[in-house]
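Text of query.txt, listed as compact mmCIF, C-alpha atoms and all ligand atoms:
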# COMPACT_ATOMS: atom_id res chain seq x y z
CA MET A 62 10.43 -1.43 19.74
CA ILE A 63 8.87 1.72 18.32
CA MET A 64 11.41 4.18 16.91
CA LEU A 65 10.23 7.80 17.02
CA LYS A 66 11.55 9.95 14.18
CA SER A 67 13.04 13.44 14.32
CA LYS A 68 11.78 16.24 12.07
CA ARG A 69 14.92 15.75 9.96
CA GLU A 70 14.24 12.05 9.50
CA ILE A 71 10.62 12.73 8.62
CA GLY A 72 11.84 15.32 6.09
CA LEU A 73 14.02 12.69 4.38
CA MET A 74 11.13 10.22 4.30
CA HIS A 75 8.89 12.94 2.88
CA ASP A 76 11.40 13.55 0.05
CA ALA A 77 11.30 9.82 -0.74
CA GLY A 78 7.50 9.87 -0.52
CA LYS A 79 7.14 12.79 -2.94
CA LEU A 80 9.26 10.94 -5.48
CA LEU A 81 7.16 7.81 -4.92
CA ALA A 82 3.96 9.81 -5.51
CA GLU A 83 5.43 11.17 -8.74
CA CYS A 84 6.30 7.62 -9.80
CA HIS A 85 2.69 6.53 -9.17
CA ARG A 86 1.41 9.42 -11.29
CA GLU A 87 3.69 8.28 -14.12
CA ILE A 88 2.41 4.71 -13.79
CA LYS A 89 -1.16 5.97 -13.95
CA GLU A 90 -0.38 7.45 -17.37
CA LYS A 91 1.19 4.20 -18.58
CA ILE A 92 -1.44 1.70 -17.44
CA ARG A 93 -3.48 0.44 -20.37
CA PRO A 94 -4.39 -2.89 -21.97
CA GLY A 95 -1.27 -4.53 -23.44
CA ILE A 96 1.37 -3.24 -21.03
CA THR A 97 2.94 -5.88 -18.75
CA THR A 98 3.62 -5.53 -15.05
CA LEU A 99 7.24 -6.46 -15.75
CA GLU A 100 7.48 -3.40 -18.03
CA ILE A 101 6.05 -1.27 -15.22
CA ASP A 102 8.57 -2.77 -12.82
CA GLU A 103 11.42 -1.92 -15.18
CA PHE A 104 10.07 1.61 -15.62
CA VAL A 105 9.97 2.08 -11.83
CA GLU A 106 13.52 0.92 -11.35
CA ALA A 107 14.80 3.23 -14.11
CA PHE A 108 12.71 6.17 -12.85
CA LEU A 109 14.07 5.81 -9.32
CA LYS A 110 17.64 5.47 -10.55
CA LYS A 111 17.27 8.61 -12.65
CA HIS A 112 16.24 10.48 -9.49
CA GLY A 113 19.03 9.10 -7.28
CA ALA A 114 16.77 6.63 -5.46
CA THR A 115 16.62 2.84 -5.17
CA PRO A 116 13.79 0.28 -4.92
CA GLU A 117 14.03 -0.92 -1.32
CA GLN A 118 11.92 -4.01 -1.95
CA LYS A 119 14.45 -5.52 -4.38
CA GLY A 120 16.52 -7.98 -2.38
CA TYR A 121 14.36 -7.55 0.74
CA LYS A 122 14.04 -11.03 2.27
CA GLY A 123 14.96 -12.42 -1.15
CA TYR A 124 12.21 -10.55 -3.06
CA GLU A 125 13.43 -10.09 -6.64
CA PHE A 126 11.51 -7.10 -8.00
CA ALA A 127 11.29 -3.33 -7.51
CA THR A 128 7.50 -3.52 -7.19
CA CYS A 129 4.75 -5.87 -6.14
CA ALA A 130 2.08 -6.16 -8.85
CA SER A 131 -1.08 -7.87 -7.60
CA LEU A 132 -3.70 -8.62 -10.24
CA ASN A 133 -7.48 -9.02 -9.71
CA ASP A 134 -7.88 -11.71 -7.00
CA GLU A 135 -4.30 -11.29 -5.80
CA ILE A 136 -4.29 -9.46 -2.47
CA CYS A 137 -0.62 -8.53 -2.18
CA HIS A 138 2.98 -9.46 -3.06
CA GLY A 139 2.14 -10.48 -6.63
CA PHE A 140 5.20 -10.82 -8.90
CA PRO A 141 5.57 -8.55 -11.94
CA ARG A 142 5.29 -10.73 -15.04
CA LYS A 143 5.21 -10.85 -18.82
CA LYS A 144 1.47 -11.32 -19.21
CA PRO A 145 -0.12 -8.22 -20.82
CA LEU A 146 -2.79 -6.45 -18.75
CA GLU A 147 -6.30 -6.75 -20.13
CA GLU A 148 -9.25 -4.37 -20.34
CA GLY A 149 -11.17 -4.53 -17.05
CA ASP A 150 -8.25 -5.81 -14.92
CA ILE A 151 -7.35 -4.16 -11.64
CA VAL A 152 -3.74 -4.20 -10.52
CA THR A 153 -2.12 -3.00 -7.30
CA ILE A 154 1.38 -1.59 -7.69
CA ASP A 155 3.20 -1.40 -4.34
CA MET A 156 6.72 -0.10 -3.83
CA VAL A 157 9.13 1.20 -1.24
CA VAL A 158 11.46 4.02 -2.27
CA ASN A 159 14.84 4.69 -0.65
CA LEU A 160 16.07 8.22 -1.30
CA LYS A 161 19.25 9.15 0.58
CA GLY A 162 18.35 6.76 3.40
CA GLY A 163 14.76 8.00 3.78
CA LEU A 164 12.13 5.30 3.10
CA ALA A 165 8.52 5.63 1.95
CA ASP A 166 5.98 2.94 1.09
CA SER A 167 2.84 3.37 -1.00
CA ALA A 168 0.50 1.22 -3.08
CA TRP A 169 -2.28 2.18 -5.49
CA THR A 170 -4.72 -0.01 -7.33
CA TYR A 171 -5.14 0.91 -10.99
CA GLY A 172 -7.96 0.08 -13.31
CA VAL A 173 -7.00 -1.07 -16.81
CA GLY A 174 -9.25 0.53 -19.42
CA GLN A 175 -12.97 0.41 -18.69
CA LEU A 176 -13.87 -1.26 -15.37
CA SER A 177 -16.99 -3.13 -14.32
CA ASP A 178 -19.19 -1.33 -11.77
CA LYS A 179 -18.09 -3.94 -9.22
CA ALA A 180 -14.41 -3.20 -9.74
CA SER A 181 -14.71 0.59 -9.79
CA ARG A 182 -16.83 0.51 -6.64
CA LEU A 183 -14.19 -1.66 -4.91
CA LEU A 184 -11.45 0.85 -5.79
CA GLU A 185 -13.54 3.77 -4.56
CA ILE A 186 -14.39 2.04 -1.26
CA THR A 187 -10.80 1.01 -0.61
CA LYS A 188 -9.41 4.47 -1.23
CA THR A 189 -12.11 6.10 0.90
CA ALA A 190 -11.37 3.64 3.73
CA LEU A 191 -7.71 4.65 3.68
CA TYR A 192 -8.49 8.37 3.87
CA LYS A 193 -11.09 7.88 6.62
CA SER A 194 -8.51 6.01 8.70
CA ILE A 195 -5.82 8.64 8.13
CA GLU A 196 -8.11 11.18 9.84
CA GLN A 197 -7.78 9.02 12.96
CA ALA A 198 -3.96 9.07 12.89
CA THR A 199 -3.62 11.86 15.43
CA VAL A 200 -1.55 12.21 18.62
CA GLY A 201 -3.41 10.60 21.53
CA ASN A 202 -5.69 8.44 19.40
CA ARG A 203 -5.18 4.68 19.50
CA LEU A 204 -4.37 2.10 16.84
CA GLY A 205 -7.84 0.61 17.29
CA ASP A 206 -9.34 3.91 16.11
CA ILE A 207 -7.53 3.49 12.78
CA GLY A 208 -8.61 -0.11 12.30
CA HIS A 209 -12.16 0.60 13.40
CA ALA A 210 -12.55 3.44 10.89
CA ILE A 211 -11.58 1.08 8.06
CA GLN A 212 -13.58 -1.93 9.21
CA THR A 213 -16.87 -0.15 9.93
CA TYR A 214 -16.85 1.71 6.64
CA VAL A 215 -15.78 -1.25 4.48
CA GLU A 216 -18.15 -3.74 6.10
CA GLY A 217 -20.94 -1.16 5.97
CA GLU A 218 -20.45 -1.12 2.20
CA GLY A 219 -20.78 -4.92 2.10
CA HIS A 220 -17.09 -5.60 1.48
CA SER A 221 -14.48 -7.28 3.71
CA VAL A 222 -11.11 -6.34 5.21
CA VAL A 223 -8.13 -8.70 4.87
CA ARG A 224 -6.91 -9.84 8.31
CA ASP A 225 -3.66 -11.60 7.47
CA PHE A 226 -1.63 -8.54 6.44
CA THR A 227 -1.13 -5.30 8.33
CA GLY A 228 0.41 -1.88 7.98
CA HIS A 229 3.62 -1.24 9.90
CA GLY A 230 6.05 1.23 11.34
CA ILE A 231 8.70 2.26 8.81
CA GLY A 232 12.08 3.93 9.22
CA LYS A 233 15.56 2.58 8.64
CA THR A 234 13.97 -0.63 7.35
CA ILE A 235 10.65 -1.35 5.63
CA HIS A 236 8.96 -3.10 8.51
CA GLU A 237 9.25 -1.72 12.05
CA ASP A 238 6.93 -1.92 15.03
CA PRO A 239 4.05 -1.48 15.51
CA ALA A 240 1.77 -3.60 13.31
CA ILE A 241 -1.19 -1.53 12.10
CA PHE A 242 -4.34 -3.65 11.96
CA HIS A 243 -7.01 -2.61 9.48
CA PHE A 244 -9.79 -3.73 11.81
CA GLY A 245 -10.32 -3.21 15.53
CA LEU A 246 -12.09 -1.53 18.39
CA PRO A 247 -12.20 2.22 19.01
CA GLY A 248 -10.22 3.39 22.05
CA LYS A 249 -8.19 0.17 22.17
CA GLY A 250 -4.55 -0.55 21.41
CA LEU A 251 -1.38 1.48 21.40
CA ARG A 252 -1.60 5.26 21.78
CA LEU A 253 -0.19 7.27 18.87
CA LYS A 254 2.72 9.59 19.63
CA GLU A 255 4.32 12.48 17.82
CA GLY A 256 7.23 11.20 15.70
CA MET A 257 5.73 7.82 14.85
CA VAL A 258 5.78 7.01 11.13
CA ILE A 259 3.46 4.24 9.99
CA THR A 260 1.88 2.81 6.90
CA ILE A 261 -1.86 2.28 6.61
CA GLU A 262 -2.60 -0.08 3.73
CA PRO A 263 -6.07 -1.63 3.80
CA MET A 264 -6.62 -4.58 1.50
CA VAL A 265 -10.33 -4.81 0.73
CA ASN A 266 -12.14 -7.75 -0.86
CA VAL A 267 -15.46 -7.94 -2.67
CA GLY A 268 -16.15 -11.37 -1.12
CA THR A 269 -14.60 -13.17 1.83
CA TRP A 270 -11.64 -11.67 3.76
CA GLN A 271 -9.95 -15.06 3.77
CA CYS A 272 -6.90 -15.67 1.63
CA LYS A 273 -4.70 -18.46 0.37
CA MET A 274 -1.01 -18.43 -0.44
CA ASP A 275 0.51 -19.26 -3.83
CA ASP A 276 3.24 -21.89 -4.09
CA ASN A 277 5.79 -19.10 -4.52
CA SER A 278 5.16 -18.42 -0.78
CA TRP A 279 4.89 -14.67 -1.44
CA THR A 280 1.63 -14.01 -3.25
CA ALA A 281 -1.64 -13.99 -1.33
CA ARG A 282 -4.95 -14.21 -3.19
CA THR A 283 -8.58 -14.30 -2.16
CA ARG A 284 -9.86 -17.74 -1.19
CA ASP A 285 -13.05 -17.28 -3.20
CA GLY A 286 -11.32 -15.86 -6.30
CA GLU A 287 -13.11 -12.50 -5.96
CA LEU A 288 -11.43 -9.12 -6.55
CA SER A 289 -9.13 -7.43 -4.02
CA ALA A 290 -7.80 -3.86 -3.95
CA GLN A 291 -5.36 -1.86 -1.82
CA TYR A 292 -4.33 1.72 -1.19
CA GLU A 293 -1.39 2.53 1.03
CA HIS A 294 0.22 5.71 2.34
CA THR A 295 3.14 6.35 4.67
CA ILE A 296 2.03 8.77 7.39
CA ALA A 297 3.89 10.75 10.04
CA ILE A 298 2.09 11.46 13.32
CA THR A 299 2.78 15.15 14.04
CA ALA A 300 1.58 17.71 16.55
CA ASP A 301 -0.35 19.30 13.67
CA GLY A 302 -2.11 16.05 12.72
CA PRO A 303 -1.38 13.28 10.25
CA LEU A 304 1.14 14.19 7.56
CA ILE A 305 0.83 12.03 4.45
CA LEU A 306 4.40 11.55 3.22
CA THR A 307 3.53 9.78 -0.03
CA GLU A 308 1.11 12.24 -1.59
CA GLN A 309 3.01 15.37 -2.70
N1 LIG B 401 5.15 -2.57 0.63
C1 LIG B 401 5.09 -3.92 1.04
C2 LIG B 401 4.45 -4.07 2.40
O1 LIG B 401 4.18 -3.12 3.05
C3 LIG B 401 6.48 -4.47 1.08
C4 LIG B 401 6.48 -5.89 0.79
S1 LIG B 401 8.01 -6.55 1.05
C5 LIG B 401 8.41 -7.22 -0.43
O2 LIG B 401 4.16 -5.17 2.84
F1 LIG B 401 9.49 -7.84 -0.25
F2 LIG B 401 7.46 -7.96 -0.85
F3 LIG B 401 8.60 -6.28 -1.29
CO CO B 402 3.76 -1.36 3.49
Give the structure from this file in structure tokens form.
Amino acid sequence: MIMLKSKREIGLMHDAGKLLAECHREIKEKIRPGITTLEIDEFVEAFLKKHGATPEQKGYKGYEFATCASLNDEICHGFPRKKPLEEGDIVTIDMVVNLKGGLADSAWTYGVGQLSDKASRLLEITKTALYKSIEQATVGNRLGDIGHAIQTYVEGEGHSVVRDFTGHGIGKTIHEDPAIFHFGLPGKGLRLKEGMVITIEPMVNVGTWQCKMDDNSWTARTRDGELSAQYEHTIAITADGPLILTEQ
């Protein structure tokens, strides 16, 4: 069931989203060779606590960390760990913030030090795909318009879109209806309504879109071992157009 949100609820989610965006900006300053993703995870938890917020992912379906930290060929749901990041790595930090009951979800992929042309191009393409799709998140458009915007752009650049993970509605819990596919046909699928709040979170691969699961049953990585990146925003569908809740 799709739960439409009031202006008040969207306001609360926006407050959570602004804090999340600030947290990402702090992480950006901290990312460098030598830091571990476990240190970043600890920083996030302390930062949220300091601002009266909590990491909604911790304890969600038994997940043990405040963040997901997905390195290089990991697509999503990587565990923070003690291994220091190395020059040239890319790492996606994904988190859900709960501030006074308002939730917001956003992931960024960070480059560590100097990146290869391949890696920096992947990051650029993934971020551009997200913003192109957000333009389609308007009242009366359909979910297929969002997925199509991502797929045509990404595939046109010779990259691939992960099929096994989707965006989602978000509200009182992290995952609500509907599922937001990052591929699809224009004019098809559910019509967007004012008051819907969704995440769009394309995962883009350099090689094949196919993935395999780690033994921990959380972490997905690319089947061919190639790089994967992801950018995610939480977006409210409003009469005035898409409102990005996790930017500022
Ligand atoms: N932000 C992640 C997503 O949208 C949340 C993952 S749930 C967790 O899929 F338990 F892994 F944190
Ligand atoms: Co999400």
**Message:** Neighbouring residues of ligand CO 402 (chain B) are defined here as those with any atom at most 9 Å from a ligand atom, counting only C-alpha atoms and all ligand atoms; list them as a list in words.
**Reply:**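 Those residues are Asp155, Met156, Val157, Ala165, Asp166, Ser167, Ala168, Thr227, Gly228, His229, Gly230, Ile231, Ile235, His236, Ile259, Thr260, Ile261, Glu262, Glu293, His294 and Thr295 of chain A.
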Let me have the centre and edge lengths of the axis-aligned box enclosing all listed atoms of region 117-127 of chain A with 5 Å padding on every side, in Å to one decimal, as JSON.
{"center_x": 13.9, "center_y": -6.7, "center_z": -2.9, "size_x": 15.2, "size_y": 21.5, "size_z": 20.3}
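Compared by their closest atoms to ligand LIG 401 (chain B), and using all atoms listed in the file, the residues A:Tyr214, A:Trp270, A:Phe104, A:Phe126 rank with A:Phe126 nearest.
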**Asked** Smallest atom-to-atom distance to Ile88 (chain A): which of A:Leu65, A:Ile298, A:Ala198, A:Val173, using all atoms listed in the file?
**Response** A:Val173
**All residues 12 Å or closer to Ile63 (chain A), all atoms listed in the file, same chain fewer than 4 positions away omitted, as a list of chain:residue names** = A:His229, A:Gly230, A:Ile231, A:Gly232, A:Lys233, A:His236, A:Glu237, A:Asp238, A:Pro239, A:Ala240, A:Leu251, A:Arg252, A:Leu253, A:Lys254, A:Glu255, A:Gly256, A:Met257, A:Val258, A:Ile259
**Prompt:** Please, which residues are within 10 Å of (-6.9, 11.6, 9.0) by the file's coordinates, counting all atoms listed in the file, and could they come as a list in words?
**Reply:**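 Output: Leu191, Tyr192, Lys193, Ser194, Ile195, Glu196, Gln197, Ala198, Thr199, Ile207, Ile296, Ile298, Gly302, Pro303, Leu304 and Ile305 of chain A.
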**Asked** With only C-alpha atoms as the basis for distance, which of A:Lys89, A:Phe242, A:Tyr292, A:Thr115 is at the shortest distance from Lys188 (chain A)?
**Response**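 Among A:Lys89, A:Phe242, A:Tyr292, A:Thr115, it is A:Tyr292 that comes nearest to Lys188 (chain A).
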Distance query Leu164 (chain A) at most 7 Å, all atoms listed in the file, self and fewer than 4 positions along chain excluded, as a JSON list (two decimals) with C-alpha atoms, keeping the file's coordinate frame:
[["chain", "number", "residue", "atom", "x", "y", "z"],
["A", 74, "MET", "CA", 11.13, 10.22, 4.30],
["A", 77, "ALA", "CA", 11.30, 9.82, -0.74],
["A", 157, "VAL", "CA", 9.13, 1.20, -1.24],
["A", 158, "VAL", "CA", 11.46, 4.02, -2.27],
["A", 159, "ASN", "CA", 14.84, 4.69, -0.65],
["A", 160, "LEU", "CA", 16.07, 8.22, -1.30],
["A", 232, "GLY", "CA", 12.08, 3.93, 9.22]]
**Request:** With a distance cut-off of 8 Å and all atoms listed in the file, select the neighbouring residues of Val267 (chain A), excluding the residue or stretch itself and same-chain residues fewer than 3 positions from it, and output the selection as a PyMOL selection string.
**Result:** chain A and resi 183+219-221+287-289
Can you write out the residues you just picked, keeping C-alpha atoms, as an mmCIF file, in the frame of the given file?
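So the final result, stored in again_17.cif, reads:
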data_model
loop_
_atom_site.group_PDB
_atom_site.id
_atom_site.type_symbol
_atom_site.label_atom_id
_atom_site.label_comp_id
_atom_site.auth_asym_id
_atom_site.auth_seq_id
_atom_site.Cartn_x
_atom_site.Cartn_y
_atom_site.Cartn_z
ATOM 1 C CA LEU A 183 -14.190 -1.660 -4.910
ATOM 2 C CA GLY A 219 -20.780 -4.920 2.100
ATOM 3 C CA HIS A 220 -17.090 -5.600 1.480
ATOM 4 C CA SER A 221 -14.480 -7.280 3.710
ATOM 5 C CA GLU A 287 -13.110 -12.500 -5.960
ATOM 6 C CA LEU A 288 -11.430 -9.120 -6.550
ATOM 7 C CA SER A 289 -9.130 -7.430 -4.020
#
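Checking A:Thr128, A:Asn133, A:Thr269, A:Thr98 one by one against ligand LIG 401 (chain B), counting only C-alpha atoms and all ligand atoms, you find the shortest gap at A:Thr128.
Among A:Glu135, A:Glu308, A:Glu218, A:Asp206, the residue with the shortest atom-to-atom distance to Trp279 (chain A), counting all atoms listed in the file, is A:Glu135.
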**Asked** When distances are computed from all atoms listed in the file, which of A:Lys122, A:Lys144, A:His138, A:His112 shows the smallest separation from Asp76 (chain A)?
**Response** A:His112
**Message:** Would you compute the distance between CA of Pro141 (chain A) and CA of Tyr121 (chain A)? Give it in Å to one decimal.
**Reply:**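 One can read the CA of Pro141 (chain A) to CA of Tyr121 (chain A) distance as 15.5 Å.
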**Request:** Kindly give the distance, in Å, that separates CA of Thr213 (chain A) and CA of Lys249 (chain A), rounded to a single decimal.
**Result:**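 Answer for the CA of Thr213 (chain A) to CA of Lys249 (chain A) separation: 15.0 Å.
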**Asked** Do you know which residues are at most 8 Å from His75 (chain A) counting only C-alpha atoms, after dropping those on the same chain fewer than 3 positions away, and could you put them as a PyMOL selection string?
**Response** chain A and resi 71-72+78-79+163+165+306-307
Preceding selection exported with C-alpha atoms as a CSV table (one decimal), in the coordinates of the input:
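Okay, again.csv is ready:
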chain,number,residue,atom,x,y,z
A,71,ILE,CA,10.6,12.7,8.6
A,72,GLY,CA,11.8,15.3,6.1
A,78,GLY,CA,7.5,9.9,-0.5
A,79,LYS,CA,7.1,12.8,-2.9
A,163,GLY,CA,14.8,8.0,3.8
A,165,ALA,CA,8.5,5.6,2.0
A,306,LEU,CA,4.4,11.6,3.2
A,307,THR,CA,3.5,9.8,0.0
